[in-house]
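Comments concern the structure below.
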Number of protein chains: 2
Amino acid sequence: MLELKHLKTIVAITEHGSLVLAAEKLFLTQSALSHQLKEIESRLGVSLFIRKSRPLRLTAAGERLLETARSVLPLMSSAERDMQRFAGGEAGRLHIAIECHSCFDWLMPAINQYRNHWKDVEVDLSTAFNFVPLPALQKGRLDVVITSEPKPLNGIHYEPLFRFEILLAVANSHPLTQLERVPATALRNETLITYPVDQERLDIFTQFLRPADVEPMAIRTAELTLMMVQLVASGRGVCALPNWALAPYMKGGHISALPLGEAGLFSTLYLAVREEQLETPYVREFINIAKETCFQTLEGINVVATLH
Amino acid sequence: MLELKHLKTIVAITEHGSLVLAAEKLFLTQSALSHQLKEIESRLGVSLFIRKSRPLRLTAAGERLLETARSVLPLMSSAERDMQRFAGGEAGRLHIAIECHSCFDWLMPAINQYRNHWKDVEVDLSTAFNFVPLPALQKGRLDVVITSEPKPLNGIHYEPLFRFEILLAVANSHPLTQLERVPATALRNETLITYPVDQERLDIFTQFLRPADVEPMAIRTAELTLMMVQLVASGRGVCALPNWALAPYMKGGHISALPLGEAGLFSTLYLAVREEQLETPYVREFINIAKETCFQTLEGINVVATLH
DNA sequence: TCAGCAATATGAATATAATTCATTCTTTTA
DNA sequence: TAAAAGAATGAATTATATTCATATTGCTGA
């Protein structure tokens, strides 16, 4: 009904005092404004300007609309400016999910650093594991997924971050410490502690135990790396964790970390984004900061991390 | 560029979750909304909804626009409601001017009473006499003029209020009190006190002195009726005022009021409005209240006022 | 008060934009 | 995985806005 165009017209006319000048400013003809004015005046059933006088003056109704224009138009300009920022990739949304549970350790510093430089990007780290991250990424519910399983999916780009080894953490007093490397079969007599997620998502099962057709004696879960380590230290089980996640706890001297199998169990961590977002500045920049920061963090705790 | 229509579309889609439902609410087809959305998205260079998911969800840019819509649309509705009030004659503007200087006395009570019932009408009583009221009324700079000279003008309607007599106020001790009626020639020896306005606007000149080709000995001016009366009482001149304006001061006993000429000097007061506004409720009502109130006020001071 | 000027109004023609129709493509769900 | 519901698309249509040419009106100064 009443449109912003009309408010702009009203402002232009009152500011310049005539249709001729206002039309010029709006890049229209005087006739266009006259028709437009007549149109809204008849639609609203009120007259907005006193025509019999020059310069044109507002009626009471016109004043009321001018007031509205003066509060509404700035809001719209501001919104349009923000649209330009979104369009230019200066602002946006970054909903991140991690499949790799212990990635917290290096991801949080990365996110904090990123936030400092991209205040207009709304960052959200979802730890909720009640949905499958990669399809959600495909459909736009997520924007970044950290995963170690780069399943080829339409429109998804995987950016390799680093390669790491998964080690078995055992108590110092544990008999397995006698071995150089731990074979799969050795876990038949152990309680395995894992994150409370589906076994499909744990390399220790998919890459190590299942190929050898081994089931651990028992499985129990813990939410945090710290809790796992404490359980291991007190001899209530063993757990498989990335070398860099274990490193800080090695110093305490209560646990040992052993390679798994003859070849060792290696994995690569990937950062997945939608291809269409790959060139968007604020996404591009997050990838860069994530890479930098994870290396810094990992080096800081003296773990050799090899880029894939 | 970005229009209110678009904001309404965005709100409708987010509220109903689909183009089909939103289109229904907006009395459009799904196709129309799809085209519209595509249009603004491409113009802004951002996408506003995540299309791959149903129900449709907003992107960060979309959220920003929704927020704008939620603050802007209510402002617009409110403005449109007010337009309806203006259109229905419930709200408006009443710029009043008085040519008859002493009309203050009964006009102020009228205005006060009117304001109580018509809060949405902006009443303004202009006493500035630096412009000619009737042409200003014609051109819409004024809405009501109180005058005793109903000059026939295009588009102006005169509503008669009441007829009154103009009397000459003199000090009780003044020799003229000996006369029943004052002839024009008697003023040749008097100082005439008037309001500080053009003589053209004073009936004492136009209707009484000039026809008799008489000039008073001297003329001095005073702003207020009270001041005039005080000057008269102290014997420093005489003045011509409406009977009802003089009445309150008669009680003090210091001045007398004498009829002018054989026939007396009578005048009728009119309320002038533009014809086009004659049926507008808030104007109509002002005329009614003005009539009522002036009679009440005049009766209250025991002056015989005759409707024309 | 009137001529002359500058501004606004108007009607018809034109250009632009919005909407629909008919259809295809996509996503969700059973 | 097929069926159903929703969204996208292109062409045709309709509605709307704008211009052009011109008439009308209001203003200014002699």
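To be explicit about the labels: the chains of the structure tokens are called A, B, and onward in the order shown, and within each one the residues are counted from 1, while ligands get numbers from 1 in the order they are shown.
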
Which residues come within 8 Å of B:Leu28, counting only C-alpha atoms (C1' of nucleotides), excluding same-chain residues fewer than 5 positions away, as a compact mmCIF listing (two decimals) with N, CA and C atoms (P, O5', C5', C4', C3', O3' and C1' of nucleotides), in the first residue's frame?
# COMPACT_ATOMS: atom_id res chain seq x y z
N ALA B 23 2.36 -17.02 0.43
CA ALA B 23 1.68 -16.46 -0.74
C ALA B 23 0.19 -16.35 -0.48
N LEU B 33 5.93 -14.87 -5.24
CA LEU B 33 6.90 -14.74 -4.14
C LEU B 33 8.27 -15.25 -4.55
P DT C 19 3.52 -8.20 -7.18
O5' DT C 19 2.83 -9.20 -8.18
C5' DT C 19 1.56 -8.85 -8.73
C4' DT C 19 1.14 -9.92 -9.72
C3' DT C 19 1.11 -11.34 -9.15
O3' DT C 19 -0.24 -11.73 -9.03
C1' DT C 19 2.04 -11.25 -11.35

Might you pull out every residue within 10 Å of A:Asp105, with only C-alpha atoms (C1' of nucleotides) counted and same-chain residues fewer than 3 positions away left off, and present them as a VMD selection string? chain A and resid 101 to 102 108 to 110 225 244 to 245 294 297 to 298

Please return, as a PyMOL selection string, all residues of chain D lying within 12 Å of chain A when only C-alpha atoms (C1' of nucleotides) are considered. chain D and resi 16-22+25-27

Based on only C-alpha atoms, which of the residues in chain A come within 10 Å of chain B? I want them as an MDAnalysis selection string. chainID A and resid 1:5 41:42 44:54 57 59:62 64:69 71:73 75:89 91:94 121:122 136 138:141

Go through chain A and flag each residue having an atom no more than 8 Å from chain C; for those, report the closest pair of atoms plus their distance in Å to one decimal, using only C-alpha atoms (C1' of nucleotides), ordered by chain and rising number, as a Markdown table.
| residue | atom | partner | partner_atom | distance |
| --- | --- | --- | --- | --- |
| A:Ser18 | CA | C:DA7 | C1' | 7.9 |
| A:Leu19 | CA | C:DT8 | C1' | 7.8 |
| A:Val20 | CA | C:DA7 | C1' | 7.5 |
| A:Ser34 | CA | C:DA9 | C1' | 7.2 |

Please produce an output containing C-alpha atoms for each residue in the selection, written as a compact mmCIF listing (two decimals), in the first residue's frame.
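Saved as selection32.txt:
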# COMPACT_ATOMS: atom_id res chain seq x y z
CA SER A 18 8.92 22.00 -5.08
CA LEU A 19 8.11 19.05 -7.29
CA VAL A 20 10.56 20.26 -9.90
CA SER A 34 2.74 14.79 -9.39

Run DSSP on the backbone and tell me which residues of stretch 12-170 of chain B come out as strand (DSSP E or B); list them as a ChimeraX atom specification. /B:49-50,57-58,92-98,121-126,144-147,156-170

Extract the full set of helix (DSSP H, G or I) residues from stretch 100-246 of chain A according to DSSP on the backbone, and format it as a ChimeraX atom specification. /A:101-117,133-138,175-178,184-189,199-201,203-209,225-233,243-246
